[in-house]
Amino acid sequence: MTDFLSLALQRRSIRKYTDRAVEQEKIERILQAALASPSSKHLNPWEFVVVTDHEVLSKMAGCRTYGSQMLLQSPLGIVVCVNQNATDTWQCDGAIAAMNMLLAAEDEGLGACWVQVYGRENTTQLLDGTTHSESAESLIRHLTDIPETSSVLCIISIGYKAEEKKSINPEKLQYEKIHYGKYTPHTENR
């Protein structure tokens, strides 16, 4: 295991994966990290659908016009769905759980990437020249039998990395966005 700051700096959005399956033990540890996430009033309004079927992942890759195609080669996708009637902080609660999964995947030596689903659409050009739009959420809901009581926030694509990205350089972080005591506007000159 690495220290947390190193882990946070080396975690990058990975969109290319090998065809190696992710071991069940690693999947379980990633899910434990999600289940250990904090949530408002400890309501834990999230649920997770683990998808390893390549055919389903390929269909899920079409949920958005852009930004979901990495699921075509991902051996694992975890759908984060949240009961939005349980709390007004449902999006925050789901995002925290998703971030824990992203960090846990990196800690397991895997690559991962967030695929935004909620509020996104897939627009396709039909043969007659017209376009058809479908919400990404309705497609994912259909493919995974998620009930209407839960909103689909995102999918975390996970797999063994087929690309390497440099860790974030701490010297290039935007420290000007940190304010102590009160907000003070920063100049555009760095």
# chains A, B, ... in the order shown; residues from 1 in each chain; ligands from 1
call {"tool": "select_by_dssp", "arguments": {"residues": "segment 92-188 of chain A", "states": "strand (DSSP E or B)", "output": "list in words"}}
result
Gly111, Ala112, Cys113, Trp114, Val115, Gln116, Glu121, Asn122, Thr123, Thr124, Gln125, Thr131, His132, Ser133, Glu134, Ser135, Ser151, Val152, Leu153, Cys154, Ile155, Ile156, Ser157, Ile158, Gly159 and Lys161 of chain A
call {"tool": "residues_around", "arguments": {"residues": "segment 12-22 of chain A", "least_positions_apart": "4", "cutoff": "9 Å", "atoms": "only C-alpha atoms", "output": "PyMOL selection string"}}
result
chain A and resi 8+26-27+52+69-71+73-76+102+106+110-114+157-168
call {"tool": "select_by_dssp", "arguments": {"residues": "chain A", "states": "alpha helix (DSSP H)", "output": "number ranges by chain"}}
result
A: 4-10, 24-35, 54-60, 90-107, 136-144
call {"tool": "write_last_selection", "arguments": {"atoms": "C-alpha atoms", "output": "compact mmCIF listing (two decimals), in the first residue's frame"}}
result
# COMPACT_ATOMS: atom_id res chain seq x y z
CA PHE A 4 -2.63 8.52 0.66
CA LEU A 5 -1.14 11.64 -0.97
CA SER A 6 1.00 9.52 -3.30
CA LEU A 7 -2.07 7.45 -4.17
CA ALA A 8 -4.12 10.59 -4.90
CA LEU A 9 -1.35 12.04 -7.09
CA GLN A 10 -0.80 8.85 -9.09
CA GLN A 24 -12.81 -11.30 -7.45
CA GLU A 25 -10.75 -10.42 -4.35
CA LYS A 26 -9.84 -7.06 -5.88
CA ILE A 27 -13.44 -6.40 -6.88
CA GLU A 28 -14.54 -7.12 -3.30
CA ARG A 29 -11.95 -4.74 -1.82
CA ILE A 30 -13.02 -1.98 -4.24
CA LEU A 31 -16.64 -2.55 -3.22
CA GLN A 32 -15.69 -2.51 0.47
CA ALA A 33 -14.12 0.91 -0.08
CA ALA A 34 -17.39 2.09 -1.65
CA LEU A 35 -19.50 0.67 1.17
CA HIS A 54 -18.39 -8.26 -22.14
CA GLU A 55 -21.59 -8.12 -24.19
CA VAL A 56 -23.33 -5.97 -21.57
CA LEU A 57 -20.26 -3.74 -21.15
CA SER A 58 -20.18 -3.26 -24.94
CA LYS A 59 -23.80 -2.11 -24.90
CA MET A 60 -23.11 0.14 -21.92
CA TRP A 90 -27.80 11.74 -3.05
CA GLN A 91 -25.46 12.98 -5.81
CA CYS A 92 -22.76 13.88 -3.27
CA ASP A 93 -23.13 10.58 -1.45
CA GLY A 94 -22.85 8.64 -4.72
CA ALA A 95 -19.87 10.70 -5.88
CA ILE A 96 -17.99 10.06 -2.64
CA ALA A 97 -18.56 6.29 -3.01
CA ALA A 98 -17.41 6.47 -6.64
CA MET A 99 -14.26 8.37 -5.67
CA ASN A 100 -13.46 5.77 -3.04
CA MET A 101 -13.71 3.12 -5.78
CA LEU A 102 -11.41 5.09 -8.08
CA LEU A 103 -8.79 5.35 -5.35
CA ALA A 104 -9.21 1.71 -4.29
CA ALA A 105 -8.75 0.57 -7.90
CA GLU A 106 -5.49 2.51 -8.12
CA ASP A 107 -4.38 1.02 -4.80
CA ALA A 136 -27.78 7.40 -20.85
CA GLU A 137 -29.58 6.56 -17.64
CA SER A 138 -32.50 4.82 -19.38
CA LEU A 139 -30.12 2.60 -21.37
CA ILE A 140 -28.08 1.60 -18.29
CA ARG A 141 -31.28 1.09 -16.27
CA HIS A 142 -32.61 -1.20 -19.03
CA LEU A 143 -29.37 -3.23 -19.30
CA THR A 144 -29.01 -3.78 -15.54
call {"tool": "atom_distance", "arguments": {"atom1": "atom CA of Ser39 of chain A", "atom2": "atom CA of Gly77 of chain A"}}
result
22.2 Å
call {"tool": "atom_distance", "arguments": {"atom1": "atom CA of Arg64 of chain A", "atom2": "atom CA of Gly119 of chain A"}}
result
10.5 Å
call {"tool": "residues_around", "arguments": {"residues": "Asn122 of chain A", "least_positions_apart": "5", "cutoff": "6 Å", "atoms": "only C-alpha atoms", "output": "MDAnalysis selection string"}}
result
chainID A and resid 63:65 133:134
call {"tool": "write_last_selection", "arguments": {"atoms": "N, CA and C atoms", "output": "mmCIF file, in the first residue's frame"}}
result
data_model
loop_
_atom_site.group_PDB
_atom_site.id
_atom_site.type_symbol
_atom_site.label_atom_id
_atom_site.label_comp_id
_atom_site.auth_asym_id
_atom_site.auth_seq_id
_atom_site.Cartn_x
_atom_site.Cartn_y
_atom_site.Cartn_z
ATOM 1 N N CYS A 63 -23.859 4.195 -24.137
ATOM 2 C CA CYS A 63 -24.815 5.008 -23.383
ATOM 3 C C CYS A 63 -24.639 6.504 -23.621
ATOM 4 N N ARG A 64 -23.491 6.901 -24.107
ATOM 5 C CA ARG A 64 -23.231 8.310 -24.392
ATOM 6 C C ARG A 64 -22.622 8.426 -25.775
ATOM 7 N N THR A 65 -22.830 9.572 -26.402
ATOM 8 C CA THR A 65 -22.230 9.802 -27.712
ATOM 9 C C THR A 65 -20.713 9.827 -27.591
ATOM 10 N N SER A 133 -32.407 10.848 -29.656
ATOM 11 C CA SER A 133 -31.725 10.981 -28.371
ATOM 12 C C SER A 133 -32.374 10.076 -27.339
ATOM 13 N N GLU A 134 -31.546 9.463 -26.550
ATOM 14 C CA GLU A 134 -31.995 8.609 -25.452
ATOM 15 C C GLU A 134 -31.125 8.938 -24.258
#
call {"tool": "atom_distance", "arguments": {"atom1": "atom CA of Thr87 of chain A", "atom2": "atom CA of Tyr118 of chain A"}}
result
16.4 Å
call {"tool": "residues_around", "arguments": {"residues": "Asn85 of chain A", "least_positions_apart": "6", "cutoff": "12 Å", "atoms": "only C-alpha atoms", "output": "JSON, numbers by chain"}}
result
{"A": [43, 45, 46, 91, 148, 149, 150, 151]}
